[in-house]
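A.B. asks: Just one file: start-v1.cif, with mmCIF, C-alpha atoms.
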data_model
loop_
_atom_site.group_PDB
_atom_site.id
_atom_site.type_symbol
_atom_site.label_atom_id
_atom_site.label_comp_id
_atom_site.auth_asym_id
_atom_site.auth_seq_id
_atom_site.Cartn_x
_atom_site.Cartn_y
_atom_site.Cartn_z
ATOM 1 C CA MET A 1 159.288 29.269 68.701
ATOM 2 C CA LYS A 2 159.342 27.885 72.231
ATOM 3 C CA PRO A 3 156.848 29.254 74.747
ATOM 4 C CA ILE A 4 158.194 30.828 77.943
ATOM 5 C CA ASN A 5 155.293 29.369 79.917
ATOM 6 C CA GLU A 6 152.448 26.978 79.192
ATOM 7 C CA MET A 7 149.462 25.266 80.783
ATOM 8 C CA LYS A 8 147.286 22.300 79.821
ATOM 9 C CA LEU A 9 143.833 21.553 81.045
ATOM 10 C CA SER A 10 141.161 18.990 80.270
ATOM 11 C CA PHE A 11 137.638 18.700 81.623
ATOM 12 C CA GLU A 12 134.301 17.096 80.833
ATOM 13 C CA SER A 13 132.027 18.839 78.351
ATOM 14 C CA ARG A 14 129.451 19.829 80.955
ATOM 15 C CA SER A 15 128.046 23.331 80.639
ATOM 16 C CA CYS A 16 128.828 24.070 84.293
ATOM 17 C CA ASN A 17 132.539 23.971 83.275
ATOM 18 C CA GLU A 18 132.224 26.924 80.860
ATOM 19 C CA SER A 19 132.782 29.420 83.646
ATOM 20 C CA PHE A 20 135.690 27.381 85.070
ATOM 21 C CA ALA A 21 137.415 27.211 81.663
ATOM 22 C CA ARG A 22 137.383 30.954 80.912
ATOM 23 C CA SER A 23 138.352 31.847 84.494
ATOM 24 C CA ALA A 24 141.268 29.363 84.469
ATOM 25 C CA VAL A 25 142.666 30.818 81.233
ATOM 26 C CA ALA A 26 142.257 34.371 82.568
ATOM 27 C CA ALA A 27 144.030 33.424 85.814
ATOM 28 C CA PHE A 28 146.935 31.827 83.934
ATOM 29 C CA ILE A 29 147.612 34.918 81.802
ATOM 30 C CA ALA A 30 147.140 37.367 84.692
ATOM 31 C CA VAL A 31 150.937 37.400 85.115
ATOM 32 C CA LEU A 32 151.129 39.423 81.854
ATOM 33 C CA ASP A 33 149.200 42.221 83.554
ATOM 34 C CA PRO A 34 146.416 42.577 80.958
ATOM 35 C CA ASN A 35 143.866 45.369 81.328
ATOM 36 C CA VAL A 36 140.150 44.837 81.957
ATOM 37 C CA GLU A 37 139.262 44.960 78.266
ATOM 38 C CA GLU A 38 141.926 42.423 77.244
ATOM 39 C CA ILE A 39 140.845 40.019 79.989
ATOM 40 C CA SER A 40 137.210 40.421 79.009
ATOM 41 C CA ASP A 41 137.985 39.849 75.289
ATOM 42 C CA ILE A 42 139.921 36.665 76.060
ATOM 43 C CA LYS A 43 137.317 35.297 78.474
ATOM 44 C CA THR A 44 134.559 35.940 75.930
ATOM 45 C CA ALA A 45 136.470 34.244 73.075
ATOM 46 C CA VAL A 46 137.360 31.228 75.284
ATOM 47 C CA SER A 47 133.751 30.956 76.417
ATOM 48 C CA GLU A 48 132.576 30.876 72.767
ATOM 49 C CA ALA A 49 135.071 28.154 71.802
ATOM 50 C CA VAL A 50 134.340 25.989 74.860
ATOM 51 C CA THR A 51 130.571 26.383 74.371
ATOM 52 C CA ASN A 52 130.993 25.202 70.761
ATOM 53 C CA CYS A 53 132.746 22.022 71.998
ATOM 54 C CA ILE A 54 129.901 21.364 74.439
ATOM 55 C CA VAL A 55 126.913 22.346 72.273
ATOM 56 C CA HIS A 56 128.160 21.163 68.877
ATOM 57 C CA GLY A 57 131.235 18.899 69.187
ATOM 58 C CA TYR A 58 129.724 16.686 71.862
ATOM 59 C CA ARG A 59 126.061 17.315 71.037
ATOM 60 C CA ASP A 60 125.193 13.649 71.641
ATOM 61 C CA GLY A 61 126.952 13.120 74.944
ATOM 62 C CA ILE A 62 129.815 14.030 77.225
ATOM 63 C CA GLY A 63 133.449 14.077 76.069
ATOM 64 C CA LYS A 64 136.685 15.794 77.019
ATOM 65 C CA VAL A 65 137.527 19.402 76.178
ATOM 66 C CA TYR A 66 141.262 20.181 75.975
ATOM 67 C CA ILE A 67 142.807 23.605 76.509
ATOM 68 C CA HIS A 68 146.484 24.373 75.924
ATOM 69 C CA VAL A 69 147.668 27.911 76.656
ATOM 70 C CA LYS A 70 151.140 29.096 75.651
ATOM 71 C CA ILE A 71 152.780 32.390 76.469
ATOM 72 C CA PHE A 72 155.542 33.584 74.128
ATOM 73 C CA GLU A 73 158.141 36.391 74.347
ATOM 74 C CA GLY A 74 156.522 39.788 73.854
ATOM 75 C CA ALA A 75 153.409 38.839 75.842
ATOM 76 C CA ARG A 76 151.862 36.900 72.969
ATOM 77 C CA VAL A 77 149.267 34.393 74.135
ATOM 78 C CA SER A 78 148.134 31.372 72.139
ATOM 79 C CA ILE A 79 145.104 29.403 73.330
ATOM 80 C CA ASN A 80 144.193 26.087 71.714
ATOM 81 C CA ILE A 81 140.752 24.651 72.514
ATOM 82 C CA LYS A 82 139.814 21.293 71.051
ATOM 83 C CA ASP A 83 137.349 18.458 71.248
ATOM 84 C CA LYS A 84 137.228 14.941 69.842
ATOM 85 C CA GLY A 85 133.588 15.310 68.889
ATOM 86 C CA CYS A 86 131.600 15.246 65.660
ATOM 87 C CA GLY A 87 133.632 17.851 63.770
ATOM 88 C CA ILE A 88 132.414 20.436 61.250
ATOM 89 C CA SER A 89 131.946 19.430 57.620
ATOM 90 C CA ASP A 90 131.981 22.998 56.265
ATOM 91 C CA VAL A 91 134.173 25.250 58.433
ATOM 92 C CA LYS A 92 133.753 28.244 56.125
ATOM 93 C CA LYS A 93 129.975 28.048 56.401
ATOM 94 C CA ALA A 94 130.147 27.552 60.202
ATOM 95 C CA MET A 95 132.201 30.737 60.479
ATOM 96 C CA GLU A 96 129.676 32.926 58.656
ATOM 97 C CA PRO A 97 128.101 35.495 60.995
ATOM 98 C CA LEU A 98 124.612 34.477 62.198
ATOM 99 C CA TYR A 99 124.950 30.935 60.794
ATOM 100 C CA THR A 100 123.745 28.411 63.363
ATOM 101 C CA THR A 101 122.595 24.803 63.307
ATOM 102 C CA CYS A 102 120.681 25.375 66.524
ATOM 103 C CA GLU A 103 116.941 25.169 65.954
ATOM 104 C CA THR A 104 115.626 26.516 69.242
ATOM 105 C CA GLY A 105 116.299 30.094 68.120
ATOM 106 C CA GLU A 106 118.262 30.911 71.257
ATOM 107 C CA ARG A 107 121.778 30.673 69.801
ATOM 108 C CA ALA A 108 122.875 33.760 67.912
ATOM 109 C CA GLY A 109 125.377 32.147 65.525
ATOM 110 C CA LEU A 110 128.026 34.689 66.501
ATOM 111 C CA GLY A 111 130.594 32.496 68.269
ATOM 112 C CA PHE A 112 133.259 32.541 65.550
ATOM 113 C CA SER A 113 132.582 36.222 64.743
ATOM 114 C CA ILE A 114 133.291 37.118 68.362
ATOM 115 C CA MET A 115 136.435 34.962 68.519
ATOM 116 C CA ASP A 116 137.650 36.562 65.286
ATOM 117 C CA SER A 117 136.969 40.132 66.300
ATOM 118 C CA PHE A 118 138.010 39.960 69.992
ATOM 119 C CA MET A 119 141.329 38.188 69.302
ATOM 120 C CA ASP A 120 144.230 39.040 66.948
ATOM 121 C CA LYS A 121 144.150 35.674 65.167
ATOM 122 C CA LEU A 122 141.733 32.771 64.844
ATOM 123 C CA LYS A 123 142.520 29.403 63.267
ATOM 124 C CA VAL A 124 139.959 26.602 62.971
ATOM 125 C CA ARG A 125 140.733 23.029 61.916
ATOM 126 C CA SER A 126 138.123 20.344 61.869
ATOM 127 C CA THR A 127 137.683 16.775 60.620
ATOM 128 C CA PRO A 128 134.162 15.317 60.541
ATOM 129 C CA GLY A 129 133.968 12.420 62.976
ATOM 130 C CA LYS A 130 137.322 13.326 64.593
ATOM 131 C CA GLY A 131 136.854 16.709 66.236
ATOM 132 C CA THR A 132 137.578 20.420 66.054
ATOM 133 C CA SER A 133 140.586 22.497 67.078
ATOM 134 C CA VAL A 134 140.406 26.272 67.510
ATOM 135 C CA THR A 135 143.512 28.384 68.101
ATOM 136 C CA LEU A 136 143.132 31.915 69.407
ATOM 137 C CA GLU A 137 146.024 34.384 69.597
ATOM 138 C CA LYS A 138 146.341 37.770 71.207
ATOM 139 C CA SER A 139 149.206 40.020 72.220
ATOM 140 C CA ILE A 140 148.811 41.681 75.585
ATOM 141 C CA VAL A 141 149.914 45.224 74.929
ATOM 142 C CA SER A 142 148.411 47.194 77.764
ATOM 143 C CA LYS A 143 150.718 46.274 80.664
ATOM 144 C CA GLY A 144 147.804 46.962 82.977
ATOM 145 C CA ASN A 145 146.978 50.405 81.552
ATOM 146 C CA MET B 1 121.680 32.756 87.773
ATOM 147 C CA PRO B 2 120.083 35.526 89.790
ATOM 148 C CA VAL B 3 117.451 37.733 88.221
ATOM 149 C CA ASP B 4 115.064 40.020 90.090
ATOM 150 C CA ILE B 5 111.870 40.737 88.249
ATOM 151 C CA ASP B 6 109.835 43.841 88.827
ATOM 152 C CA ILE B 7 106.336 43.831 87.365
ATOM 153 C CA GLU B 8 104.586 47.152 86.899
ATOM 154 C CA GLU B 9 101.303 47.986 85.230
ATOM 155 C CA ARG B 10 102.649 48.182 81.697
ATOM 156 C CA SER B 11 106.207 47.008 81.977
ATOM 157 C CA VAL B 12 108.332 44.158 83.239
ATOM 158 C CA THR B 13 111.913 44.879 84.299
ATOM 159 C CA ALA B 14 114.425 42.027 84.687
ATOM 160 C CA TYR B 15 117.458 42.995 86.770
ATOM 161 C CA ILE B 16 120.040 40.414 85.707
ATOM 162 C CA SER B 17 123.204 39.879 87.732
ATOM 163 C CA GLY B 18 126.360 37.784 87.458
ATOM 164 C CA GLU B 19 127.561 35.971 84.342
ATOM 165 C CA ILE B 20 125.478 35.174 81.259
ATOM 166 C CA ASP B 21 126.704 32.128 79.350
ATOM 167 C CA HIS B 22 125.210 29.060 77.684
ATOM 168 C CA HIS B 23 125.065 27.249 81.055
ATOM 169 C CA ASN B 24 122.780 29.715 82.785
ATOM 170 C CA ALA B 25 120.959 31.409 79.871
ATOM 171 C CA GLY B 26 118.222 28.761 79.926
ATOM 172 C CA GLU B 27 117.190 29.417 83.510
ATOM 173 C CA LEU B 28 117.288 33.152 82.929
ATOM 174 C CA ARG B 29 115.129 32.800 79.829
ATOM 175 C CA ALA B 30 112.551 30.677 81.682
ATOM 176 C CA LYS B 31 112.236 33.177 84.538
ATOM 177 C CA ILE B 32 111.891 36.212 82.271
ATOM 178 C CA ASP B 33 109.438 34.494 79.916
ATOM 179 C CA SER B 34 107.219 33.318 82.730
ATOM 180 C CA ALA B 35 106.952 36.899 84.045
ATOM 181 C CA VAL B 36 106.221 38.241 80.557
ATOM 182 C CA GLU B 37 103.625 35.572 79.833
ATOM 183 C CA ASN B 38 101.850 36.386 83.090
ATOM 184 C CA ALA B 39 101.960 40.162 82.814
ATOM 185 C CA TYR B 40 101.659 40.769 79.037
ATOM 186 C CA PRO B 41 103.593 44.055 79.331
ATOM 187 C CA GLU B 42 103.999 46.676 76.620
ATOM 188 C CA LEU B 43 107.661 46.951 77.501
ATOM 189 C CA LEU B 44 110.265 44.487 78.692
ATOM 190 C CA VAL B 45 113.338 46.148 80.192
ATOM 191 C CA LEU B 46 116.463 44.012 80.479
ATOM 192 C CA ASP B 47 118.721 45.688 83.037
ATOM 193 C CA PHE B 48 122.356 44.566 82.597
ATOM 194 C CA GLY B 49 123.725 46.851 85.330
ATOM 195 C CA ALA B 50 124.962 43.992 87.532
ATOM 196 C CA VAL B 51 126.110 41.663 84.726
ATOM 197 C CA THR B 52 129.834 40.929 85.038
ATOM 198 C CA PHE B 53 130.312 38.724 81.951
ATOM 199 C CA MET B 54 128.368 37.928 78.803
ATOM 200 C CA ASP B 55 129.160 35.878 75.694
ATOM 201 C CA SER B 56 126.984 35.334 72.610
ATOM 202 C CA SER B 57 124.508 33.371 74.748
ATOM 203 C CA GLY B 58 123.409 36.798 76.019
ATOM 204 C CA ILE B 59 122.776 37.884 72.419
ATOM 205 C CA GLY B 60 120.590 34.812 71.927
ATOM 206 C CA LEU B 61 118.767 35.709 75.125
ATOM 207 C CA VAL B 62 118.070 39.285 73.969
ATOM 208 C CA MET B 63 117.084 38.215 70.444
ATOM 209 C CA GLY B 64 114.714 35.569 71.768
ATOM 210 C CA ARG B 65 113.017 38.052 74.133
ATOM 211 C CA TYR B 66 112.816 40.566 71.266
ATOM 212 C CA LYS B 67 110.862 38.012 69.215
ATOM 213 C CA LEU B 68 108.628 37.177 72.172
ATOM 214 C CA MET B 69 107.796 40.861 72.726
ATOM 215 C CA GLN B 70 107.185 41.359 69.002
ATOM 216 C CA ASN B 71 104.590 38.572 69.149
ATOM 217 C CA LEU B 72 102.917 40.447 72.008
ATOM 218 C CA ARG B 73 103.185 43.726 70.019
ATOM 219 C CA GLY B 74 105.459 45.085 72.719
ATOM 220 C CA ARG B 75 109.071 46.223 72.841
ATOM 221 C CA VAL B 76 112.356 45.483 74.505
ATOM 222 C CA ALA B 77 114.797 47.979 75.985
ATOM 223 C CA ILE B 78 118.266 47.335 77.365
ATOM 224 C CA GLU B 79 119.472 49.434 80.261
ATOM 225 C CA ASN B 80 122.746 50.001 82.143
ATOM 226 C CA ALA B 81 124.867 47.639 80.046
ATOM 227 C CA PRO B 82 128.545 47.908 81.053
ATOM 228 C CA ARG B 83 131.123 48.653 78.342
ATOM 229 C CA ALA B 84 132.307 45.068 77.808
ATOM 230 C CA ILE B 85 128.724 43.888 77.405
ATOM 231 C CA LYS B 86 127.909 46.649 74.899
ATOM 232 C CA LYS B 87 130.912 45.466 72.892
ATOM 233 C CA VAL B 88 129.374 41.970 72.572
ATOM 234 C CA MET B 89 125.968 43.477 71.705
ATOM 235 C CA ARG B 90 127.522 45.565 68.977
ATOM 236 C CA MET B 91 128.637 42.340 67.231
ATOM 237 C CA ALA B 92 124.979 41.474 66.712
ATOM 238 C CA GLY B 93 123.819 44.995 65.869
ATOM 239 C CA ILE B 94 121.410 44.945 68.787
ATOM 240 C CA GLU B 95 122.773 48.131 70.322
ATOM 241 C CA LYS B 96 119.824 49.934 68.732
ATOM 242 C CA LEU B 97 117.818 48.549 71.647
ATOM 243 C CA LEU B 98 120.037 50.752 73.817
ATOM 244 C CA SER B 99 119.214 53.930 71.938
ATOM 245 C CA ALA B 100 117.646 56.961 73.538
ATOM 246 C CA GLU B 101 114.295 56.723 71.730
ATOM 247 C CA ASN B 102 113.744 53.358 73.331
ATOM 248 C CA ARG B 103 113.821 54.667 76.863
ATOM 249 C CA ARG B 104 111.112 53.604 79.243
ATOM 250 C CA GLU B 105 109.244 56.922 79.545
ATOM 251 C CA GLU B 106 109.002 57.468 75.812
ATOM 252 C CA SER B 107 107.956 53.956 74.912
ATOM 253 C CA LEU B 108 105.052 54.169 77.336
ATOM 254 C CA VAL B 109 103.605 57.315 75.748
#
Translate the structure of the given file into structure tokens.
C.D. replies:
Amino acid sequence: MKPINEMKLSFESRSCNESFARSAVAAFIAVLDPNVEEISDIKTAVSEAVTNCIVHGYRDGIGKVYIHVKIFEGARVSINIKDKGCGISDVKKAMEPLYTTCETGERAGLGFSIMDSFMDKLKVRSTPGKGTSVTLEKSIVSKGN
Amino acid sequence: MPVDIDIEERSVTAYISGEIDHHNAGELRAKIDSAVENAYPELLVLDFGAVTFMDSSGIGLVMGRYKLMQNLRGRVAIENAPRAIKKVMRMAGIEKLLSAENRREESLV
């Protein structure tokens, strides 16, 4: 199916861009008139995916994060967020709630759980050494209500 | 990342404002921990009243402070969390820190 509108974005994997990324996606889909909760769900899920690219994908340096947002008929939004970083060897394990490779004890291990529960659909594809691609989908049903 | 810290005799209250994400959680953590390590309070109150956005970095922040306060044999309470922020907290099961029995007055008895 062909999108009725789309937007592509790429930026360096610096943590100061996390806020920019979620705000840019929210601004692009504002035309669908989502309510406060839908906007907040999408911003949170985007923030989780982008943070994963920065913290995990490019853990050893700076790389590019790519976002591709498509809007389809019926106010369905698809958001692809990918990096060309280290990849995940065991995606199933990475998606388990509370699983984290972070050793400082300040990361909750809930990124994928939040993406999964705040969006309608979550798809993760990853190749070790090549990178990770996360696709988030949500239908905007509120029409501002 | 703005945070105003109010130190009382037995409690420290951190009034957090703005957005909590991975980028600014570190600074927030450092400011709160330095107040706690100076004051050794019985209770740390994290006031989310002016927080406009939070992702799972905020969960990490709360869980880390919970561990710190446990080491000091103290407690953590969360106050004034807006609806969207409670929704993120619920994912981690930390909404029990929001419960009525954890209110400031009672935990200082």
A.B. asks: Could you name the residues that touch range 56-60 of chain B at 6 Å or less, counting all atoms listed in the file, but leaving out those on the same chain fewer than 3 positions away, as an NGL selection string?
C.D. replies: (:A and (106-108)) or (:B and (20-22 or 63-64))
A.B. asks: Grab the CA of Ile5 in chain B to CA of Ser23 in chain A distance for me, in Å with one decimal place.
C.D. replies: 28.2 Å
A.B. asks: Once the PyMOL selection byres ((chain B) within 12 of (chain A)) has been evaluated on this model, what residues remain selected, and can you format them as number ranges by chain?
C.D. replies: B: 1, 18-26, 28-30, 52-68, 82-94
A.B. asks: May I ask which of the residues B:Ala35, B:Tyr15, B:Glu42, B:Glu27 is the closest one to Ala81 in chain B, counting all atoms listed in the file?
C.D. replies: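 Ranked by minimum distance to Ala81 in chain B, first place goes to B:Tyr15.
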A.B. asks: From the set A:Glu12, A:Asp120, A:Asp83, A:Asp90, which residue has the shortest atom-to-atom contact distance to His68 in chain A, counting all atoms listed in the file?
C.D. replies: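 Of all the options, A:Asp83 lies closest to His68 in chain A.
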A.B. asks: Closest to Ile16 in chain B among B:Asp47, B:Glu37, B:Glu95, B:Glu79, using only C-alpha atoms?
C.D. replies: B:Asp47
A.B. asks: With all atoms listed in the file as the basis for distance, which of A:Leu32, A:Leu122, A:Ala26, A:Met7 is at the shortest distance from Arg76 in chain A?
C.D. replies: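 Looking at the shortest contact to Arg76 in chain A, the residue is A:Leu32.
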A.B. asks: Output the residue selection produced by the PyMOL selection byres ((chain B and resi 75-77) around 6) on the file above, formatted as a PyMOL selection string.
C.D. replies: chain B and resi 43-45+66+69+74+78+97
A.B. asks: For each of A:His56, A:Met95, A:Ile39, A:Lys82, take the minimum atom-to-atom distance to Arg22 in chain A, counting all atoms listed in the file, then give the residue where this is smallest.
C.D. replies: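 Using all atoms listed in the file, the shortest distance to Arg22 in chain A belongs to A:Ile39.
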A.B. asks: Assuming the chain letters and numbering stay as they are in my file, what does the PyMOL selection byres ((chain A and resi 85) around 12) actually select? List them as JSON, numbers by chain.
C.D. replies: {"A": [13, 52, 53, 54, 55, 56, 57, 58, 59, 60, 61, 62, 63, 64, 65, 66, 82, 83, 84, 86, 87, 88, 126, 127, 128, 129, 130, 131, 132, 133]}
A.B. asks: Please, what distance in Å, to one decimal, runs between CA of Thr100 in chain A and CA of Asn80 in chain B?
C.D. replies: 28.6 Å
